[in-house]
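What follows is protein19.txt (compact mmCIF, C-alpha atoms).
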# COMPACT_ATOMS: atom_id res chain seq x y z
CA ALA A 1 -116.78 24.42 40.81
CA VAL A 2 -118.92 23.58 37.79
CA ASP A 3 -118.63 19.90 36.91
CA ARG A 4 -120.89 19.66 33.85
CA PRO A 5 -120.31 22.39 31.28
CA GLY A 6 -123.47 21.71 29.28
CA SER A 7 -125.98 21.54 32.10
CA GLY A 8 -124.22 24.12 34.23
CA MET A 9 -124.12 26.95 31.72
CA ALA A 10 -127.81 27.84 31.94
CA LEU A 11 -127.60 27.96 35.72
CA VAL A 12 -124.49 30.14 35.68
CA GLU A 13 -126.05 32.58 33.22
CA ALA A 14 -129.18 32.78 35.36
CA VAL A 15 -127.07 33.60 38.40
CA ALA A 16 -125.16 36.24 36.42
CA GLU A 17 -128.42 37.87 35.33
CA ALA A 18 -129.73 37.85 38.88
CA ALA A 19 -126.48 39.41 40.11
CA ARG A 20 -126.71 42.18 37.54
CA ASP A 21 -130.37 42.84 38.34
CA GLY A 22 -129.53 42.87 42.03
CA GLY A 23 -127.02 45.67 41.60
CA PHE A 24 -123.89 43.63 42.17
CA SER A 25 -120.66 44.71 40.48
CA GLY A 26 -119.90 41.27 39.09
CA LEU A 27 -119.98 37.50 39.44
CA HIS A 28 -116.93 35.42 40.33
CA LEU A 29 -116.58 31.64 39.91
CA GLN A 30 -113.71 30.04 41.81
CA TRP A 31 -112.02 26.68 41.06
CA VAL A 32 -113.72 26.17 37.74
CA GLU A 33 -113.34 22.81 36.02
CA PRO A 34 -110.75 23.04 33.19
CA GLY A 35 -113.15 22.05 30.40
CA PHE A 36 -115.72 24.62 31.40
CA ALA A 37 -113.07 27.31 31.85
CA LEU A 38 -111.60 26.63 28.41
CA GLU A 39 -115.02 26.80 26.79
CA GLN A 40 -116.01 30.07 28.43
CA ALA A 41 -112.64 31.81 28.12
CA SER A 42 -112.01 30.70 24.55
CA SER A 43 -110.75 33.33 22.17
CA ALA A 44 -113.16 36.01 21.09
CA GLY A 45 -111.74 38.64 18.80
CA GLY A 46 -108.26 37.25 19.42
CA SER A 47 -108.34 37.69 23.19
CA GLN A 48 -107.21 34.82 25.38
CA ASN A 49 -108.51 36.39 28.55
CA ILE A 50 -112.13 37.14 27.83
CA GLY A 51 -114.49 34.76 26.12
CA SER A 52 -117.57 35.25 24.00
CA GLY A 53 -119.68 34.90 27.15
CA GLY A 54 -117.96 37.86 28.77
CA TRP A 55 -116.02 35.78 31.27
CA ILE A 56 -112.53 36.92 32.24
CA ALA A 57 -110.20 34.00 32.99
CA TRP A 58 -107.80 34.45 35.89
CA ARG A 59 -105.17 31.71 36.07
CA ARG A 60 -103.41 31.17 39.37
CA GLN A 61 -100.86 28.73 40.67
CA ALA A 62 -102.17 25.76 42.63
CA TYR A 63 -100.84 22.34 43.64
CA ARG A 64 -101.76 18.82 42.62
CA TRP A 65 -100.43 15.36 43.38
CA GLU A 66 -100.94 12.72 40.70
CA ASN A 67 -101.21 8.99 41.35
CA ARG A 68 -99.03 7.23 38.79
CA GLY A 69 -100.24 3.79 39.78
CA TYR A 70 -98.11 3.52 42.91
CA ALA A 71 -98.38 0.25 44.83
CA ASP A 72 -97.76 1.99 48.15
CA PHE A 73 -96.07 5.02 49.71
CA THR A 74 -92.68 3.35 49.48
CA ALA A 75 -93.14 3.00 45.73
CA TYR A 76 -94.03 6.70 45.57
CA LEU A 77 -90.84 7.65 47.40
CA ALA A 78 -88.85 5.47 45.01
CA ASP A 79 -89.42 8.18 42.39
CA PHE A 80 -87.71 10.75 44.64
CA SER A 81 -84.07 11.70 44.55
CA LYS A 82 -81.99 9.96 47.19
CA ASN A 83 -81.72 13.00 49.46
CA MET A 84 -85.42 13.85 49.40
CA ARG A 85 -86.40 10.22 49.89
CA ARG A 86 -84.19 10.11 52.97
CA ASN A 87 -85.61 13.40 54.30
CA VAL A 88 -89.23 12.26 54.04
CA GLY A 89 -88.37 8.91 55.59
CA ARG A 90 -86.64 10.66 58.47
CA GLU A 91 -89.64 12.93 59.08
CA ARG A 92 -92.08 10.02 59.22
CA ALA A 93 -89.79 7.82 61.30
CA GLY A 94 -89.23 10.59 63.84
CA LEU A 95 -92.95 10.98 64.48
CA GLU A 96 -93.45 7.24 64.72
CA ALA A 97 -90.61 6.95 67.24
CA ALA A 98 -92.29 9.68 69.30
CA GLY A 99 -95.46 7.59 69.44
CA TYR A 100 -97.56 9.36 66.82
CA ARG A 101 -99.87 7.31 64.62
CA THR A 102 -102.03 8.69 61.84
CA ARG A 103 -104.98 7.38 59.88
CA VAL A 104 -107.79 8.74 57.71
CA VAL A 105 -111.20 8.51 59.36
CA PRO A 106 -114.46 8.96 57.37
CA ALA A 107 -116.59 11.69 58.93
CA HIS A 108 -119.60 9.40 59.37
CA GLU A 109 -117.44 7.14 61.55
CA ALA A 110 -115.77 9.96 63.44
CA GLY A 111 -118.88 11.53 64.92
CA PRO A 112 -119.51 15.11 66.12
CA GLU A 113 -116.55 15.10 68.52
CA TYR A 114 -114.13 15.23 65.59
CA TRP A 115 -115.92 18.25 64.16
CA ARG A 116 -115.73 19.98 67.54
CA LEU A 117 -112.01 19.28 67.75
CA MET A 118 -111.51 20.35 64.14
CA ALA A 119 -113.12 23.71 64.95
CA ALA A 120 -110.87 24.19 67.98
CA TYR A 121 -107.70 23.19 66.14
CA TYR A 122 -108.64 25.37 63.16
CA GLU A 123 -109.03 28.36 65.48
CA ARG A 124 -105.67 27.65 67.10
CA THR A 125 -103.98 27.56 63.69
CA ASN A 126 -105.49 30.93 62.79
CA ASP A 127 -104.61 32.44 66.17
CA LYS A 128 -100.92 31.88 65.39
CA PHE A 129 -101.15 34.19 62.36
CA GLY A 130 -102.96 37.06 64.06
CA PRO A 131 -104.32 39.65 61.60
CA TRP A 132 -102.99 37.62 58.65
CA ALA A 133 -105.06 34.57 59.54
CA ALA A 134 -107.37 33.01 56.97
CA ARG A 135 -110.56 32.68 59.01
CA PHE A 136 -112.78 31.51 56.20
CA LEU A 137 -114.96 29.19 58.28
CA PRO A 138 -117.24 30.43 61.10
CA SER A 139 -117.98 28.17 64.04
CA ARG A 140 -121.42 27.52 62.57
CA PHE A 141 -119.78 25.69 59.66
CA PHE A 142 -118.48 22.96 61.95
CA GLU A 143 -121.90 22.62 63.57
CA LEU A 144 -123.70 22.13 60.24
CA ALA A 145 -120.99 20.18 58.41
CA PRO A 146 -121.88 16.72 59.78
CA GLU A 147 -125.36 16.98 58.28
CA TYR A 148 -124.41 18.42 54.90
CA LEU A 149 -120.85 17.20 54.27
CA GLY A 150 -120.67 13.96 56.20
CA ASP A 151 -120.68 11.68 53.15
CA SER A 152 -117.66 13.26 51.46
CA ALA A 153 -115.66 14.54 54.45
CA ARG A 154 -112.65 12.72 55.85
CA PHE A 155 -110.31 13.48 58.73
CA SER A 156 -106.59 12.83 58.58
CA ALA A 157 -106.09 12.26 62.29
CA ALA A 158 -103.00 11.95 64.48
CA PHE A 159 -103.03 10.02 67.75
CA ILE A 160 -100.66 9.47 70.66
CA PRO A 161 -100.64 6.64 73.22
CA GLY A 162 -103.09 7.03 76.08
CA ARG A 163 -105.39 9.41 74.22
CA SER A 164 -108.51 8.30 72.37
CA GLU A 165 -109.16 11.64 70.70
CA PRO A 166 -106.88 12.91 67.91
CA VAL A 167 -104.26 15.52 68.79
CA ALA A 168 -104.15 16.88 65.22
CA LEU A 169 -106.66 16.91 62.38
CA ALA A 170 -106.71 17.84 58.71
CA LEU A 171 -110.03 18.14 56.90
CA LEU A 172 -110.26 16.27 53.59
CA PHE A 173 -112.98 15.78 51.00
CA GLU A 174 -113.22 12.80 48.67
CA GLY A 175 -115.18 12.43 45.46
CA SER A 176 -114.91 11.52 41.77
CA MET A 177 -111.53 9.82 42.27
CA ARG A 178 -110.15 13.02 43.76
CA LEU A 179 -109.07 14.12 47.20
CA TRP A 180 -109.01 17.68 48.48
CA GLY A 181 -107.35 19.00 51.64
CA ARG A 182 -107.95 22.46 53.02
CA TYR A 183 -107.80 23.07 56.77
CA TRP A 184 -105.77 21.67 59.61
CA GLY A 185 -104.86 22.23 63.23
CA ALA A 186 -103.23 20.59 66.23
CA GLU A 187 -103.36 20.65 69.99
CA SER A 188 -99.70 21.73 70.15
CA ASP A 189 -96.84 22.50 67.81
CA VAL A 190 -94.95 19.36 66.81
CA PRO A 191 -92.24 19.48 64.10
CA THR A 192 -93.25 17.74 60.83
CA LEU A 193 -96.69 16.72 62.18
CA HIS A 194 -98.24 19.09 59.65
CA PHE A 195 -96.49 17.30 56.78
CA GLU A 196 -97.56 13.88 58.03
CA THR A 197 -101.19 14.83 58.66
CA CYS A 198 -101.75 17.04 55.62
CA TYR A 199 -99.55 15.41 52.97
CA TYR A 200 -98.04 12.00 53.66
CA ARG A 201 -101.03 10.27 55.23
CA PRO A 202 -103.53 11.62 52.64
CA ILE A 203 -101.19 10.55 49.82
CA GLU A 204 -100.93 7.10 51.36
CA TYR A 205 -104.72 6.98 51.65
CA ALA A 206 -105.10 8.05 48.01
CA ILE A 207 -102.74 5.31 46.87
CA GLU A 208 -104.60 2.67 48.89
CA ARG A 209 -107.96 3.73 47.40
CA HIS A 210 -106.62 4.25 43.87
CA ILE A 211 -107.59 7.92 43.97
CA GLN A 212 -106.15 9.68 40.92
CA SER A 213 -105.30 13.14 42.27
CA PHE A 214 -104.96 15.08 45.50
CA ASP A 215 -105.28 18.86 45.81
CA PRO A 216 -103.68 19.91 49.13
CA GLY A 217 -104.72 23.57 49.03
CA MET A 218 -102.94 26.81 48.27
CA GLY A 219 -99.64 28.22 49.45
CA GLY A 220 -96.46 26.77 50.87
CA HIS A 221 -93.22 26.26 48.92
CA HIS A 222 -92.70 23.03 50.86
CA LYS A 223 -95.49 21.33 48.89
CA ALA A 224 -93.40 21.19 45.72
CA ARG A 225 -90.51 19.57 47.57
CA ARG A 226 -92.86 16.83 48.73
CA GLY A 227 -94.12 15.89 45.30
CA PHE A 228 -96.97 18.29 44.57
CA HIS A 229 -96.72 19.75 41.07
CA ALA A 230 -97.47 23.42 40.60
CA VAL A 231 -100.36 23.66 38.13
CA MET A 232 -102.55 26.47 36.85
CA ALA A 233 -106.09 26.69 38.19
CA THR A 234 -108.69 28.95 36.59
CA SER A 235 -111.34 31.22 38.03
CA LEU A 236 -113.88 33.05 35.86
CA HIS A 237 -115.06 36.60 36.44
CA ARG A 238 -117.74 38.74 34.85
CA VAL A 239 -117.54 42.44 35.68
CA PHE A 240 -120.66 44.32 34.65
CA GLU A 241 -119.30 47.86 34.37
CA PRO A 242 -117.51 48.04 30.94
CA ARG A 243 -114.60 50.29 31.95
CA LEU A 244 -113.91 48.33 35.11
CA SER A 245 -114.12 45.11 33.10
CA SER A 246 -111.49 46.42 30.68
CA LEU A 247 -109.12 47.37 33.51
CA PHE A 248 -109.70 44.05 35.24
CA THR A 249 -108.97 42.13 32.03
CA ARG A 250 -105.59 43.81 31.57
CA ALA A 251 -104.60 43.36 35.20
CA VAL A 252 -105.60 39.70 35.20
CA ALA A 253 -103.59 39.02 32.05
CA GLU A 254 -100.42 40.33 33.72
CA ALA A 255 -101.15 38.48 36.95
CA SER A 256 -101.76 35.22 35.11
CA GLU A 257 -98.40 35.46 33.34
CA ALA A 258 -96.62 36.08 36.64
CA GLU A 259 -98.37 33.12 38.25
CA ALA A 260 -97.36 30.83 35.37
CA ALA A 261 -93.73 31.89 35.76
CA PHE A 262 -93.94 31.24 39.50
CA ALA A 263 -95.37 27.76 38.85
CA ASP A 264 -92.40 26.98 36.62
CA GLN A 265 -90.02 28.03 39.40
CA LEU A 266 -91.79 25.83 41.93
CA ASN A 267 -91.60 22.82 39.65
CA GLU A 268 -87.83 23.17 39.64
CA GLU A 269 -88.02 22.16 43.32
CA LEU A 270 -89.83 18.86 42.70
CA PRO A 271 -88.10 15.97 44.50
CA PHE A 272 -88.29 13.49 41.64
CA ARG A 273 -85.20 12.10 39.99
CA GLN A 274 -84.16 14.14 36.99
CA ASP A 275 -84.81 11.24 34.61
CA ASP A 276 -88.26 10.64 36.10
CA ARG A 277 -89.81 14.09 36.12
CA THR A 278 -93.09 14.54 34.33
CA THR A 279 -94.92 17.71 33.50
CA VAL A 280 -98.49 17.88 34.71
CA PRO A 281 -100.68 19.53 32.04
CA ARG A 282 -101.97 22.90 33.07
CA PRO A 283 -105.75 23.25 32.94
CA ASP A 284 -105.69 26.48 30.97

Render the structure in this file as structure tokens.
Amino acid sequence: AVDRPGSGMALVEAVAEAARDGGFSGLHLQWVEPGFALEQASSAGGSQNIGSGGWIAWRRQAYRWENRGYADFTAYLADFSKNMRRNVGRERAGLEAAGYRTRVVPAHEAGPEYWRLMAAYYERTNDKFGPWAARFLPSRFFELAPEYLGDSARFSAAFIPGRSEPVALALLFEGSMRLWGRYWGAESDVPTLHFETCYYRPIEYAIERHIQSFDPGMGGHHKARRGFHAVMATSLHRVFEPRLSSLFTRAVAEASEAEAAFADQLNEELPFRQDDRTTVPRPD
């Protein structure tokens, strides 16, 4: 992501030039900050999909939780409809009755053992999906992460009595009043432990620390039903070959429209009371 549009533009253009000179077909920027995306994909010649800088904007559905000044998790659930409030309460109570406890542990307090476990649990999660697994992170990532990501990384960890090490972990990153969650895994399959470790405990942590927003990662219809709004995230693409760029622009325009329609459908599943629903602005 590019956080500072003014200072970042020169760097991005230099990278684009290097990519072209190096014989690459294009340059692709993922998870671009809304202000920067709007500036670069602003209308040029009437087009809403390609800006004056030659960037093609691809808008895709993502999820975001917003902190509306909740005092605690109970106050957050108070915004839910009665049925959904009861469902979430039942999920959390069931895990607690089974002896599970969760807490968020800063990486610098956790030590290398947590990273080793995170790698093992991450592999186990991917193993369950076979050829459809999302193996984005090599084992080397978990070896280097403590040195390079230790300040911002957090673990949402689940524990059971008699065990000092966590039996489930979700990897979080904190910064600029935001929280991000991406990868998770567990020692064994336990119903609703994923929801507790990846959603409920991080939300509770965000409320306690007055964090403004939480991005839980892509995919999963169940996120909307637990209070994550479907929003539009933007990636920017520059394709150097003119004909391919033209084809890509048309395809992306159609895909972006479909994603926006899908986001609207997901937001119909939000658990909030009908008189308390709010629309989260789309960063497009």

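Using only C-alpha atoms, the residues found no farther than 7 Å from region 119-136 of chain A, other than those of its own chain fewer than 4 positions away, are Trp115, Phe142, Tyr183, Trp184, Gly185, Ala186 and Glu187 of chain A.
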
With C-alpha atoms kept, could you save the residues just selected as a PDB file, in the frame of the given file?
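Final output, saved to result-v4.pdb:
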ATOM      1  CA  TRP A 115    -115.920  18.250  64.160  1.00  0.00           C
ATOM      2  CA  PHE A 142    -118.480  22.960  61.950  1.00  0.00           C
ATOM      3  CA  TYR A 183    -107.800  23.070  56.770  1.00  0.00           C
ATOM      4  CA  TRP A 184    -105.770  21.670  59.610  1.00  0.00           C
ATOM      5  CA  GLY A 185    -104.860  22.230  63.230  1.00  0.00           C
ATOM      6  CA  ALA A 186    -103.230  20.590  66.230  1.00  0.00           C
ATOM      7  CA  GLU A 187    -103.360  20.650  69.990  1.00  0.00           C
TER       8      GLU A 187
END

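Remark: for Met84 (chain A), the closest of the candidate residues A:His222, A:Arg163, A:Arg243, A:Arg64 is A:His222 (distances computed over all atoms listed in the file).
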
- Query: Could you work out how far CA of Ser156 (chain A) lies from CA of Leu171 (chain A), giving the answer in Å with one decimal?
  - Reply: 6.5 Å

- Task: Take CA of Thr102 (chain A) and CA of Arg201 (chain A) and report the distance between them in Å, one decimal.
- Result: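 Separating CA of Thr102 (chain A) from CA of Arg201 (chain A) is a distance of 6.9 Å.
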
- For CA of Arg154 (chain A) and CA of Arg59 (chain A), quote the distance in Å rounded to one decimal.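 The value is 28.4 Å.
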
- Message: Env of Arg178 (chain A): 7 Å cut, atoms = all atoms listed in the file, seq-sep filter 6 positions within chain, self excluded. Answer as a ChimeraX atom specification.
- Response: /A:211-214
